[in-house]
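The next block is upload.cif, given as mmCIF, C-alpha atoms and all ligand atoms.
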```cif
data_final
#
loop_
_atom_site.group_PDB
_atom_site.id
_atom_site.type_symbol
_atom_site.label_atom_id
_atom_site.label_comp_id
_atom_site.auth_asym_id
_atom_site.auth_seq_id
_atom_site.Cartn_x
_atom_site.Cartn_y
_atom_site.Cartn_z
ATOM 1 C CA MET A 1 29.745 10.294 17.331
ATOM 2 C CA SER A 2 28.663 6.701 17.055
ATOM 3 C CA ASN A 3 30.875 4.186 15.293
ATOM 4 C CA LYS A 4 28.101 1.658 14.839
ATOM 5 C CA TYR A 5 25.983 0.982 11.782
ATOM 6 C CA VAL A 6 22.309 1.510 11.023
ATOM 7 C CA ASP A 7 19.855 0.446 8.319
ATOM 8 C CA LEU A 8 17.307 3.050 7.280
ATOM 9 C CA HIS A 9 15.319 1.151 4.648
ATOM 10 C CA ILE A 10 13.480 -2.048 5.618
ATOM 11 C CA HIS A 11 10.260 -3.684 4.407
ATOM 12 C CA THR A 12 8.092 -6.157 6.287
ATOM 13 C CA ARG A 13 5.068 -8.333 5.577
ATOM 14 C CA CYS A 14 2.911 -5.231 6.069
ATOM 15 C CA SER A 15 3.955 -4.367 2.499
ATOM 16 C CA ASP A 16 5.932 -6.663 0.217
ATOM 17 C CA GLY A 17 8.597 -7.970 2.605
ATOM 18 C CA THR A 18 8.634 -11.529 3.936
ATOM 19 C CA SER A 19 9.769 -10.902 7.536
ATOM 20 C CA THR A 20 7.283 -9.961 10.217
ATOM 21 C CA PRO A 21 7.776 -6.581 11.929
ATOM 22 C CA GLU A 22 8.562 -8.480 15.157
ATOM 23 C CA GLU A 23 11.466 -10.270 13.451
ATOM 24 C CA ILE A 24 13.187 -7.034 12.408
ATOM 25 C CA PRO A 25 14.610 -6.045 15.838
ATOM 26 C CA ILE A 26 16.009 -9.570 16.252
ATOM 27 C CA LEU A 27 17.698 -9.515 12.832
ATOM 28 C CA ALA A 28 18.949 -5.973 13.467
ATOM 29 C CA SER A 29 20.535 -6.843 16.799
ATOM 30 C CA GLN A 30 22.095 -9.979 15.286
ATOM 31 C CA ALA A 31 23.641 -7.664 12.692
ATOM 32 C CA GLY A 32 24.944 -5.436 15.514
ATOM 33 C CA LEU A 33 22.997 -2.365 14.398
ATOM 34 C CA GLU A 34 22.041 0.532 16.643
ATOM 35 C CA ALA A 35 19.037 1.777 14.647
ATOM 36 C CA VAL A 36 16.716 0.493 11.931
ATOM 37 C CA ALA A 37 13.874 2.217 10.129
ATOM 38 C CA ILE A 38 10.692 0.402 9.161
ATOM 39 C CA THR A 39 9.808 1.819 5.737
ATOM 40 C CA ASP A 40 6.967 -0.195 4.252
ATOM 41 C CA HIS A 41 5.391 0.825 0.948
ATOM 42 C CA ASP A 42 2.161 2.702 1.700
ATOM 43 C CA ALA A 43 1.856 1.058 5.127
ATOM 44 C CA VAL A 44 2.595 2.100 8.713
ATOM 45 C CA ASP A 45 1.030 -0.801 10.635
ATOM 46 C CA GLY A 46 4.397 -2.555 11.032
ATOM 47 C CA ILE A 47 5.923 0.305 13.036
ATOM 48 C CA GLU A 48 4.144 -0.278 16.329
ATOM 49 C CA ARG A 49 4.615 -4.049 16.041
ATOM 50 C CA ALA A 50 8.374 -3.649 15.482
ATOM 51 C CA ILE A 51 8.643 -1.237 18.414
ATOM 52 C CA ALA A 52 6.656 -3.613 20.650
ATOM 53 C CA GLY A 53 8.845 -6.521 19.527
ATOM 54 C CA ASN A 54 12.043 -4.630 20.314
ATOM 55 C CA THR A 55 13.544 -6.079 23.464
ATOM 56 C CA CYS A 56 17.094 -5.271 22.404
ATOM 57 C CA ASN A 57 19.020 -2.766 24.484
ATOM 58 C CA GLY A 58 20.530 0.024 22.450
ATOM 59 C CA LEU A 59 18.471 -0.588 19.323
ATOM 60 C CA GLU A 60 16.253 2.212 18.056
ATOM 61 C CA ILE A 61 13.278 1.538 15.768
ATOM 62 C CA ILE A 62 12.724 4.601 13.592
ATOM 63 C CA PRO A 63 9.161 5.005 12.296
ATOM 64 C CA GLY A 64 9.107 5.416 8.536
ATOM 65 C CA VAL A 65 7.223 4.873 5.315
ATOM 66 C CA GLU A 66 8.017 4.666 1.580
ATOM 67 C CA LEU A 67 5.516 6.452 -0.648
ATOM 68 C CA SER A 68 5.282 5.961 -4.413
ATOM 69 C CA THR A 69 5.080 9.028 -6.624
ATOM 70 C CA THR A 70 5.158 9.523 -10.382
ATOM 71 C CA VAL A 71 6.701 12.013 -12.751
ATOM 72 C CA GLY A 72 5.707 11.063 -16.290
ATOM 73 C CA ASP A 73 6.253 7.315 -16.443
ATOM 74 C CA ALA A 74 8.917 7.301 -13.721
ATOM 75 C CA ASP A 75 8.158 5.602 -10.379
ATOM 76 C CA ILE A 76 9.870 7.834 -7.789
ATOM 77 C CA HIS A 77 9.895 6.662 -4.154
ATOM 78 C CA ILE A 78 9.982 9.069 -1.236
ATOM 79 C CA LEU A 79 10.925 7.829 2.224
ATOM 80 C CA GLY A 80 9.486 9.558 5.281
ATOM 81 C CA TYR A 81 11.382 9.291 8.597
ATOM 82 C CA TYR A 82 10.127 9.956 12.113
ATOM 83 C CA ILE A 83 6.598 10.323 10.814
ATOM 84 C CA ASP A 84 3.690 10.375 13.227
ATOM 85 C CA TRP A 85 2.199 7.054 12.116
ATOM 86 C CA ARG A 86 -1.097 7.885 13.842
ATOM 87 C CA ASP A 87 -1.576 11.121 11.875
ATOM 88 C CA ARG A 88 -5.173 11.113 10.578
ATOM 89 C CA THR A 89 -4.442 12.680 7.177
ATOM 90 C CA LEU A 90 -1.526 10.319 6.570
ATOM 91 C CA LEU A 91 -3.715 7.327 7.469
ATOM 92 C CA GLU A 92 -6.476 8.519 5.126
ATOM 93 C CA TRP A 93 -4.034 8.769 2.223
ATOM 94 C CA ILE A 94 -2.549 5.381 3.050
ATOM 95 C CA ALA A 95 -6.042 3.852 3.015
ATOM 96 C CA LEU A 96 -6.573 5.348 -0.447
ATOM 97 C CA PHE A 97 -3.207 4.075 -1.760
ATOM 98 C CA ARG A 98 -4.034 0.577 -0.508
ATOM 99 C CA GLU A 99 -7.443 0.635 -2.149
ATOM 100 C CA LYS A 100 -5.825 1.719 -5.426
ATOM 101 C CA ARG A 101 -3.166 -0.998 -5.081
ATOM 102 C CA LEU A 102 -5.938 -3.562 -4.776
ATOM 103 C CA GLU A 103 -7.651 -2.284 -7.955
ATOM 104 C CA ARG A 104 -4.329 -2.280 -9.763
ATOM 105 C CA ALA A 105 -3.527 -5.851 -8.684
ATOM 106 C CA ARG A 106 -6.891 -6.895 -10.099
ATOM 107 C CA LYS A 107 -5.990 -5.236 -13.418
ATOM 108 C CA ILE A 108 -2.608 -6.953 -13.508
ATOM 109 C CA VAL A 109 -4.247 -10.325 -12.850
ATOM 110 C CA GLU A 110 -6.714 -9.635 -15.695
ATOM 111 C CA LYS A 111 -3.798 -8.841 -18.008
ATOM 112 C CA LEU A 112 -2.011 -12.042 -16.954
ATOM 113 C CA ARG A 113 -5.164 -14.011 -17.655
ATOM 114 C CA THR A 114 -5.417 -12.552 -21.175
ATOM 115 C CA LEU A 115 -1.810 -13.721 -21.613
ATOM 116 C CA GLY A 116 -2.974 -17.262 -20.836
ATOM 117 C CA LEU A 117 -1.889 -17.533 -17.187
ATOM 118 C CA ASP A 118 -4.738 -18.956 -15.147
ATOM 119 C CA LEU A 119 -4.029 -16.977 -11.969
ATOM 120 C CA ARG A 120 -6.841 -16.610 -9.434
ATOM 121 C CA PHE A 121 -7.131 -13.203 -7.760
ATOM 122 C CA ASP A 122 -7.953 -15.005 -4.498
ATOM 123 C CA THR A 123 -4.479 -16.539 -4.493
ATOM 124 C CA VAL A 124 -2.978 -13.038 -4.639
ATOM 125 C CA LEU A 125 -5.182 -11.963 -1.727
ATOM 126 C CA GLU A 126 -4.164 -15.045 0.273
ATOM 127 C CA VAL A 127 -0.472 -14.407 -0.363
ATOM 128 C CA ALA A 128 -0.761 -10.704 0.543
ATOM 129 C CA ASP A 129 -2.619 -11.569 3.760
ATOM 130 C CA GLY A 130 -3.825 -8.010 4.374
ATOM 131 C CA ALA A 131 -0.628 -6.218 3.302
ATOM 132 C CA ALA A 132 -0.464 -3.262 0.895
ATOM 133 C CA ILE A 133 -0.524 -5.354 -2.310
ATOM 134 C CA GLY A 134 2.436 -5.044 -4.661
ATOM 135 C CA ARG A 135 3.839 -6.889 -7.640
ATOM 136 C CA PRO A 136 5.906 -9.201 -5.375
ATOM 137 C CA HIS A 137 2.645 -10.719 -4.058
ATOM 138 C CA ILE A 138 1.528 -11.376 -7.631
ATOM 139 C CA ALA A 139 4.918 -12.980 -8.338
ATOM 140 C CA ASP A 140 4.522 -15.185 -5.241
ATOM 141 C CA ALA A 141 0.990 -16.148 -6.310
ATOM 142 C CA LEU A 142 2.244 -17.138 -9.785
ATOM 143 C CA VAL A 143 4.874 -19.377 -8.166
ATOM 144 C CA LYS A 144 2.296 -20.823 -5.760
ATOM 145 C CA GLU A 145 -0.019 -21.731 -8.628
ATOM 146 C CA GLU A 146 2.979 -23.201 -10.513
ATOM 147 C CA LEU A 147 2.408 -20.845 -13.431
ATOM 148 C CA ILE A 148 6.072 -19.798 -13.376
ATOM 149 C CA ARG A 149 9.160 -21.603 -12.075
ATOM 150 C CA PHE A 150 10.711 -18.915 -9.853
ATOM 151 C CA TYR A 151 9.918 -15.493 -8.393
ATOM 152 C CA GLY A 152 12.168 -13.422 -10.702
ATOM 153 C CA GLU A 153 10.524 -14.892 -13.789
ATOM 154 C CA ALA A 154 7.356 -12.930 -13.000
ATOM 155 C CA PHE A 155 9.277 -9.659 -13.381
ATOM 156 C CA SER A 156 11.462 -10.659 -16.324
ATOM 157 C CA ARG A 157 8.561 -12.040 -18.369
ATOM 158 C CA TYR A 158 5.367 -10.344 -17.216
ATOM 159 C CA ILE A 159 5.205 -7.651 -14.555
ATOM 160 C CA GLY A 160 8.531 -5.783 -14.792
ATOM 161 C CA TYR A 161 8.226 -2.102 -15.814
ATOM 162 C CA ASP A 162 8.390 -3.093 -19.506
ATOM 163 C CA GLY A 163 6.441 -6.315 -19.105
ATOM 164 C CA PRO A 164 3.191 -7.101 -20.964
ATOM 165 C CA ALA A 165 1.165 -7.325 -17.746
ATOM 166 C CA TYR A 166 2.626 -4.243 -16.065
ATOM 167 C CA PHE A 167 0.125 -1.714 -14.860
ATOM 168 C CA PRO A 168 1.290 1.510 -13.141
ATOM 169 C CA LYS A 169 0.241 2.359 -9.618
ATOM 170 C CA TYR A 170 -1.995 5.217 -8.653
ATOM 171 C CA ALA A 171 0.512 7.692 -7.332
ATOM 172 C CA ILE A 172 0.707 11.304 -6.244
ATOM 173 C CA SER A 173 3.422 13.775 -7.292
ATOM 174 C CA PRO A 174 6.714 14.031 -5.373
ATOM 175 C CA ALA A 175 5.640 17.493 -4.126
ATOM 176 C CA GLU A 176 2.418 16.029 -2.698
ATOM 177 C CA ALA A 177 4.276 13.165 -0.991
ATOM 178 C CA ILE A 178 6.814 15.586 0.480
ATOM 179 C CA ARG A 179 3.992 17.759 1.812
ATOM 180 C CA LEU A 180 2.149 14.760 3.230
ATOM 181 C CA ILE A 181 5.254 13.474 5.035
ATOM 182 C CA ARG A 182 6.113 16.918 6.416
ATOM 183 C CA ARG A 183 2.540 17.475 7.584
ATOM 184 C CA ALA A 184 2.861 14.198 9.526
ATOM 185 C CA GLY A 185 6.031 15.534 11.186
ATOM 186 C CA GLY A 186 8.352 13.435 9.007
ATOM 187 C CA ILE A 187 11.609 14.014 7.136
ATOM 188 C CA PRO A 188 11.165 13.349 3.384
ATOM 189 C CA VAL A 189 14.107 11.647 1.655
ATOM 190 C CA LEU A 190 14.433 10.645 -1.997
ATOM 191 C CA ALA A 191 14.843 6.842 -2.190
ATOM 192 C CA HIS A 192 17.399 5.103 -4.467
ATOM 193 C CA PRO A 193 17.646 7.844 -7.156
ATOM 194 C CA GLY A 194 20.270 5.731 -8.942
ATOM 195 C CA SER A 195 17.603 3.264 -10.019
ATOM 196 C CA VAL A 196 15.206 5.943 -11.269
ATOM 197 C CA HIS A 197 17.278 8.180 -13.574
ATOM 198 C CA ARG A 198 15.261 11.329 -12.997
ATOM 199 C CA ASP A 199 17.911 13.547 -11.381
ATOM 200 C CA GLU A 200 16.584 16.566 -13.252
ATOM 201 C CA CYS A 201 13.612 16.512 -10.839
ATOM 202 C CA ILE A 202 15.801 16.792 -7.720
ATOM 203 C CA PRO A 203 16.197 20.621 -7.588
ATOM 204 C CA ALA A 204 12.399 21.062 -7.750
ATOM 205 C CA MET A 205 11.928 18.433 -5.023
ATOM 206 C CA VAL A 206 14.415 20.289 -2.813
ATOM 207 C CA ARG A 207 12.464 23.522 -3.387
ATOM 208 C CA ASP A 208 9.310 21.601 -2.468
ATOM 209 C CA GLY A 209 10.816 20.581 0.871
ATOM 210 C CA LEU A 210 12.855 17.405 0.258
ATOM 211 C CA MET A 211 15.302 17.032 3.161
ATOM 212 C CA GLY A 212 17.584 14.204 2.086
ATOM 213 C CA ILE A 213 18.830 11.756 -0.520
ATOM 214 C CA GLU A 214 19.385 8.038 0.003
ATOM 215 C CA VAL A 215 23.015 7.525 -0.987
ATOM 216 C CA PHE A 216 23.757 4.018 0.384
ATOM 217 C CA HIS A 217 21.583 1.464 -1.421
ATOM 218 C CA PRO A 218 22.257 -1.931 -3.069
ATOM 219 C CA MET A 219 21.384 -0.367 -6.443
ATOM 220 C CA HIS A 220 24.154 2.247 -5.968
ATOM 221 C CA PRO A 221 27.670 1.123 -6.850
ATOM 222 C CA SER A 222 30.363 3.221 -5.141
ATOM 223 C CA VAL A 223 30.683 5.806 -7.957
ATOM 224 C CA VAL A 224 26.920 6.349 -7.887
ATOM 225 C CA ARG A 225 26.991 6.626 -4.115
ATOM 226 C CA GLN A 226 29.761 9.244 -4.308
ATOM 227 C CA TYR A 227 27.807 11.134 -6.942
ATOM 228 C CA TYR A 228 24.658 11.362 -4.773
ATOM 229 C CA GLU A 229 26.731 12.134 -1.730
ATOM 230 C CA LYS A 230 28.098 15.219 -3.506
ATOM 231 C CA LEU A 231 24.665 16.142 -4.824
ATOM 232 C CA ALA A 232 23.150 16.016 -1.313
ATOM 233 C CA ILE A 233 25.995 18.170 0.044
ATOM 234 C CA LYS A 234 25.525 20.620 -2.852
ATOM 235 C CA HIS A 235 21.846 21.007 -1.993
ATOM 236 C CA GLY A 236 22.588 21.185 1.736
ATOM 237 C CA ILE A 237 20.344 18.204 2.528
ATOM 238 C CA LEU A 238 20.852 14.985 4.499
ATOM 239 C CA ARG A 239 22.415 11.734 3.317
ATOM 240 C CA THR A 240 20.831 8.438 4.330
ATOM 241 C CA GLY A 241 21.081 4.790 3.358
ATOM 242 C CA GLY A 242 19.724 1.325 3.832
ATOM 243 C CA SER A 243 19.535 -2.216 2.533
ATOM 244 C CA ASP A 244 15.959 -2.054 1.144
ATOM 245 C CA TYR A 245 15.644 -5.470 2.811
ATOM 246 C CA HIS A 246 12.568 -7.384 1.681
ATOM 247 C CA GLY A 247 13.343 -10.725 3.365
ATOM 248 C CA GLU A 248 14.012 -14.266 2.214
ATOM 249 C CA GLY A 249 13.065 -15.005 -1.376
ATOM 250 C CA ARG A 250 13.345 -11.345 -2.331
ATOM 251 C CA GLY A 251 16.912 -10.888 -3.521
ATOM 252 C CA ARG A 252 20.199 -10.828 -1.687
ATOM 253 C CA ALA A 253 19.975 -7.674 0.446
ATOM 254 C CA GLN A 254 20.302 -8.517 4.124
ATOM 255 C CA ILE A 255 19.644 -6.211 7.063
ATOM 256 C CA GLY A 256 22.768 -4.136 7.659
ATOM 257 C CA CYS A 257 24.430 -5.116 4.367
ATOM 258 C CA GLU A 258 25.047 -1.498 3.315
ATOM 259 C CA CYS A 259 27.139 -0.570 6.399
ATOM 260 C CA VAL A 260 25.338 2.755 6.772
ATOM 261 C CA PRO A 261 27.205 4.911 9.331
ATOM 262 C CA GLY A 262 25.394 5.736 12.567
ATOM 263 C CA TRP A 263 25.781 9.489 12.075
ATOM 264 C CA MET A 264 23.219 9.309 9.265
ATOM 265 C CA ALA A 265 20.556 8.319 11.803
ATOM 266 C CA GLU A 266 21.840 10.966 14.240
ATOM 267 C CA ASP A 267 21.449 13.617 11.535
ATOM 268 C CA LEU A 268 17.872 12.482 10.916
ATOM 269 C CA ARG A 269 17.148 12.662 14.657
ATOM 270 C CA ASP A 270 18.609 16.182 14.845
ATOM 271 C CA LYS A 271 16.523 17.251 11.857
ATOM 272 C CA LYS A 272 13.411 15.821 13.498
ATOM 273 C CA LYS A 273 14.121 17.879 16.642
ATOM 274 C CA GLN A 274 14.617 20.958 14.479
ATOM 275 C CA VAL A 275 11.330 20.510 12.563
ATOM 276 C CA SER A 276 9.387 19.815 15.762
ATOM 277 C CA GLY A 277 10.824 23.012 17.246
ATOM 278 C CA GLU A 278 12.364 21.273 20.249
HETATM 279 P P1 LIG A 301 5.063 -2.255 -6.773
HETATM 280 O O1 LIG A 301 5.140 -1.318 -5.600
HETATM 281 O O2 LIG A 301 3.862 -3.100 -6.753
HETATM 282 O O3 LIG A 301 5.268 -1.562 -8.090
HETATM 283 O O4 LIG A 301 6.277 -3.271 -6.605
HETATM 284 C C1 LIG A 301 7.564 -2.773 -6.442
HETATM 285 C C2 LIG A 301 8.399 -3.796 -5.727
HETATM 286 O O5 LIG A 301 8.586 -4.905 -6.594
HETATM 287 C C3 LIG A 301 9.796 -3.276 -5.421
HETATM 288 O O6 LIG A 301 9.851 -2.653 -4.174
HETATM 289 C C4 LIG A 301 10.580 -4.557 -5.400
HETATM 290 O O7 LIG A 301 10.395 -5.170 -4.134
HETATM 291 C C5 LIG A 301 9.889 -5.427 -6.433
HETATM 292 N N1 LIG A 301 10.509 -5.400 -7.771
HETATM 293 C C6 LIG A 301 10.402 -4.440 -8.710
HETATM 294 N N2 LIG A 301 11.067 -4.775 -9.841
HETATM 295 C C7 LIG A 301 11.602 -6.006 -9.596
HETATM 296 C C8 LIG A 301 12.405 -6.923 -10.362
HETATM 297 N N3 LIG A 301 12.765 -6.628 -11.612
HETATM 298 N N4 LIG A 301 12.767 -8.074 -9.790
HETATM 299 C C9 LIG A 301 12.382 -8.375 -8.526
HETATM 300 N N5 LIG A 301 11.633 -7.563 -7.746
HETATM 301 C C10 LIG A 301 11.254 -6.397 -8.265
HETATM 302 ZN ZN ZN A 302 9.149 -3.327 -2.147
HETATM 303 FE FE FE A 303 11.715 1.813 -3.334
HETATM 304 FE FE FE A 304 11.969 -0.015 -0.578
#
```
Starting from the coordinates I provided, produce the structure as C-alpha cells.
Ligand code: AMP
Ligand code: ZN
Ligand code: FE
Ligand code: FE
Amino acid sequence: MSNKYVDLHIHTRCSDGTSTPEEIPILASQAGLEAVAITDHDAVDGIERAIAGNTCNGLEIIPGVELSTTVGDADIHILGYYIDWRDRTLLEWIALFREKRLERARKIVEKLRTLGLDLRFDTVLEVADGAAIGRPHIADALVKEELIRFYGEAFSRYIGYDGPAYFPKYAISPAEAIRLIRRAGGIPVLAHPGSVHRDECIPAMVRDGLMGIEVFHPMHPSVVRQYYEKLAIKHGILRTGGSDYHGEGRGRAQIGCECVPGWMAEDLRDKKKQVSGE
C-alpha cells in the first residue's frame, strides 16, 4: 500500500478555479502527491489538458467532474471519478448545464443591477473566459469593476445562499447525477456532506447507486471527518477526500492540504476496474 498522499478534488479555470489545467500537475508534484483528480463543476475540458501537461513521473491525473444537484433548496454536489469524459450523453448534459449557468448568471447580474450595482454582463463573460460560469466569476467581475472591495464581499453581501442577488442553479436530482456518472463509467461520490446538512438523503443516494462519501475536506473538522468515515463504512461505500482547491484568490485551500492517504485513490481505481468488469 502506498504511503504517499493524493488530492481528489481540484478545480481549474475550466470552471471557477484560477489555475490552468496545465498548472495542476506541476503544483501536485511540488506537493509530492502521487495522484490528483480534476473535478471541475459541470466541465470536463480541463481533464485532457491536465493529462497532456503531466510530465511528472509517478503522478496520476484522475478524470473527474463535480455535478450540482438539488433536494429542496439544498445544493448537493456529486463527484464523478474515472468518468469517460468523451461520453456523448455526459457531454450533452454538460452542455445543457453550462447553458443554464449562463442564463442564471444573467439573472444574478439583473438582480445586482436592481440593487444599484452597475455591473456589465460582458465583464462577467470576460472574466469567465469560456468556463462554466459560477458565482465566483460574478464576484471577480464585481471586484474588477470596483463595485466591491474584495472577493468575499460579493458572497457576504449579495450572492451567498441567503444573499439578495442569489439565484439557484438549474440542477438535476442526486439520483439523476448518480445515474449519469455511472452511465459514463464513473464512480459517484457525495462531495463535502458536512457543508450541506442533508444527511437524511444519504441512504436513498446509496440505494440509487452512490459509491462513496468525501470525508477529507477543508469544511470537515476532524469530528465531522470521523463521523462521515463511520457513515461510509456503515453503508459499505468508499471514502475519499480532497482540498477543493480553487486557486489563488479563492480561499486558503492549497493542493494537497488535506493529506488524503493514497489508498483512497487505490480504492477508487479498484472500484473502477470492478465496474468496468476487468
Ligand atoms: P455556483 O456553482 O455558481 O453556485 O458557485 C459555487 C462556488 O462558489 C463554490 O464552489 C465556491 O467556489 C464558491 N462559493 C460559494 N459560497 C462561497 C462563499 N460564501 N465565499 C466564497 N466562495 C464561495
Ligand atoms: Zn467551485
Ligand atoms: Fe462542491
Ligand atoms: Fe468543488
Task: Neighbourhood of ligand LIG 301 (chain A) at 8 Å, counting all atoms listed in the file, reported as number ranges by chain - done: A: 16-17, 41, 68, 101, 133-136, 151-152, 154-156, 160-161, 168-169, 246, 250-251
Task: Residue IDs satisfying the PyMOL selection byres (((chain A and resi 243) around 12) and not hetatm), as an NGL selection string - done: :A and (5-11 or 28 or 36-39 or 191-192 or 214-220 or 240-242 or 244-247 or 251-260)
Prev. selection, C-alpha atoms, output as a short mmCIF file (atom, residue, chain, number, x, y, z; two decimals), in the coordinates of the input:
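Printed below is again18.cif as written:
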```cif
data_model
loop_
_atom_site.label_atom_id
_atom_site.label_comp_id
_atom_site.auth_asym_id
_atom_site.auth_seq_id
_atom_site.Cartn_x
_atom_site.Cartn_y
_atom_site.Cartn_z
CA TYR A 5 25.98 0.98 11.78
CA VAL A 6 22.31 1.51 11.02
CA ASP A 7 19.86 0.45 8.32
CA LEU A 8 17.31 3.05 7.28
CA HIS A 9 15.32 1.15 4.65
CA ILE A 10 13.48 -2.05 5.62
CA HIS A 11 10.26 -3.68 4.41
CA ALA A 28 18.95 -5.97 13.47
CA VAL A 36 16.72 0.49 11.93
CA ALA A 37 13.87 2.22 10.13
CA ILE A 38 10.69 0.40 9.16
CA THR A 39 9.81 1.82 5.74
CA ALA A 191 14.84 6.84 -2.19
CA HIS A 192 17.40 5.10 -4.47
CA GLU A 214 19.39 8.04 0.00
CA VAL A 215 23.02 7.52 -0.99
CA PHE A 216 23.76 4.02 0.38
CA HIS A 217 21.58 1.46 -1.42
CA PRO A 218 22.26 -1.93 -3.07
CA MET A 219 21.38 -0.37 -6.44
CA HIS A 220 24.15 2.25 -5.97
CA THR A 240 20.83 8.44 4.33
CA GLY A 241 21.08 4.79 3.36
CA GLY A 242 19.72 1.32 3.83
CA ASP A 244 15.96 -2.05 1.14
CA TYR A 245 15.64 -5.47 2.81
CA HIS A 246 12.57 -7.38 1.68
CA GLY A 247 13.34 -10.72 3.36
CA GLY A 251 16.91 -10.89 -3.52
CA ARG A 252 20.20 -10.83 -1.69
CA ALA A 253 19.98 -7.67 0.45
CA GLN A 254 20.30 -8.52 4.12
CA ILE A 255 19.64 -6.21 7.06
CA GLY A 256 22.77 -4.14 7.66
CA CYS A 257 24.43 -5.12 4.37
CA GLU A 258 25.05 -1.50 3.32
CA CYS A 259 27.14 -0.57 6.40
CA VAL A 260 25.34 2.76 6.77
#
```
Task: Expansion of the PyMOL selection byres (((chain A and resi 112) around 12) and not hetatm) into residues, as a ChimeraX atom specification - done: /A:105-111,113-121,138-139,141-142,147-148,154,157-159,163-167
TODO: Have a look at A:Leu231, A:Ile172, A:Ile51, A:Val65 and name the one nearest to ligand FE 303 (chain A); count only C-alpha atoms and all ligand atoms.
DONE: A:Val65
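Distances here use all atoms listed in the file; by that measure, the residue among A:Asn54, A:Ser29, A:Ser195, A:Ser276 closest to ligand FE 303 (chain A) is A:Ser195.
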Task: Selection result of the PyMOL selection byres (((chain A and resi 92-100) around 8) and not hetatm) on this file, as a PyMOL selection string - done: chain A and resi 42-43+88-91+101-104+132-133+169-171
How big is the axis-aligned box around the listed atoms of stretch 28-33 of chain A once 4 Å is added on each side, and where is its centre? Give both in Å to one decimal, as JSON.
```
{"center_x": 21.9, "center_y": -6.2, "center_z": 14.7, "size_x": 14.0, "size_y": 15.6, "size_z": 12.1}
```
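Ranking A:Glu126, A:Glu248, A:Glu266, A:Asp162 by their shortest atom-to-atom distance to A:Thr20, with all atoms listed in the file included, puts A:Glu248 first.
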Open item on the list: Nearest residue to ligand ZN 302 (chain A) out of A:Arg225, A:Cys14, A:Trp263, A:Pro63, using only C-alpha atoms and all ligand atoms?
Closed with: A:Cys14
Task: Which residue of A:Asp84, A:Glu66, A:Glu60, A:Asp129 approaches A:Arg13 most closely, using all atoms listed in the file - done: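 The shortest atom-to-atom distance to A:Arg13 comes from A:Asp129.
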- [ ] Just give me the gap between atom CA of A:Arg49 and atom CA of A:His77 in Å, one decimal is fine.
- [x] 23.5 Å
TODO: Using only C-alpha atoms, pick whichever of A:Cys201, A:Ala35, A:Ala131, A:Val124 has the shortest atom-to-atom distance to A:Lys144.
DONE: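 Result for the nearest residue to A:Lys144: A:Val124.
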Open item on the list: Please compute the atom CA of A:Leu180-atom CA of A:Arg207 distance, one decimal, in Å.
Closed with: 15.1 Å
Open item on the list: I'd like the interatomic distance between atom CA of A:Ile237 and atom CA of A:Val206, to a tenth of an Å.
Closed with: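 Pair atom CA of A:Ile237 / atom CA of A:Val206 returns 8.2 Å.
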Excluding A:Tyr227 and residues on its chain fewer than 2 positions from it, collect all residues at most 12 Å away from it, counting all atoms listed in the file, and give them as a compact mmCIF listing (two decimals) with C-alpha atoms, keeping the file's coordinate frame.
```
# COMPACT_ATOMS: atom_id res chain seq x y z
CA PRO A 193 17.65 7.84 -7.16
CA GLY A 194 20.27 5.73 -8.94
CA ASP A 199 17.91 13.55 -11.38
CA ILE A 213 18.83 11.76 -0.52
CA GLU A 214 19.39 8.04 0.00
CA VAL A 215 23.02 7.52 -0.99
CA PHE A 216 23.76 4.02 0.38
CA HIS A 220 24.15 2.25 -5.97
CA PRO A 221 27.67 1.12 -6.85
CA SER A 222 30.36 3.22 -5.14
CA VAL A 223 30.68 5.81 -7.96
CA VAL A 224 26.92 6.35 -7.89
CA ARG A 225 26.99 6.63 -4.12
CA GLU A 229 26.73 12.13 -1.73
CA LYS A 230 28.10 15.22 -3.51
CA LEU A 231 24.66 16.14 -4.82
CA ALA A 232 23.15 16.02 -1.31
CA ILE A 233 26.00 18.17 0.04
CA LYS A 234 25.52 20.62 -2.85
CA ARG A 239 22.42 11.73 3.32
```
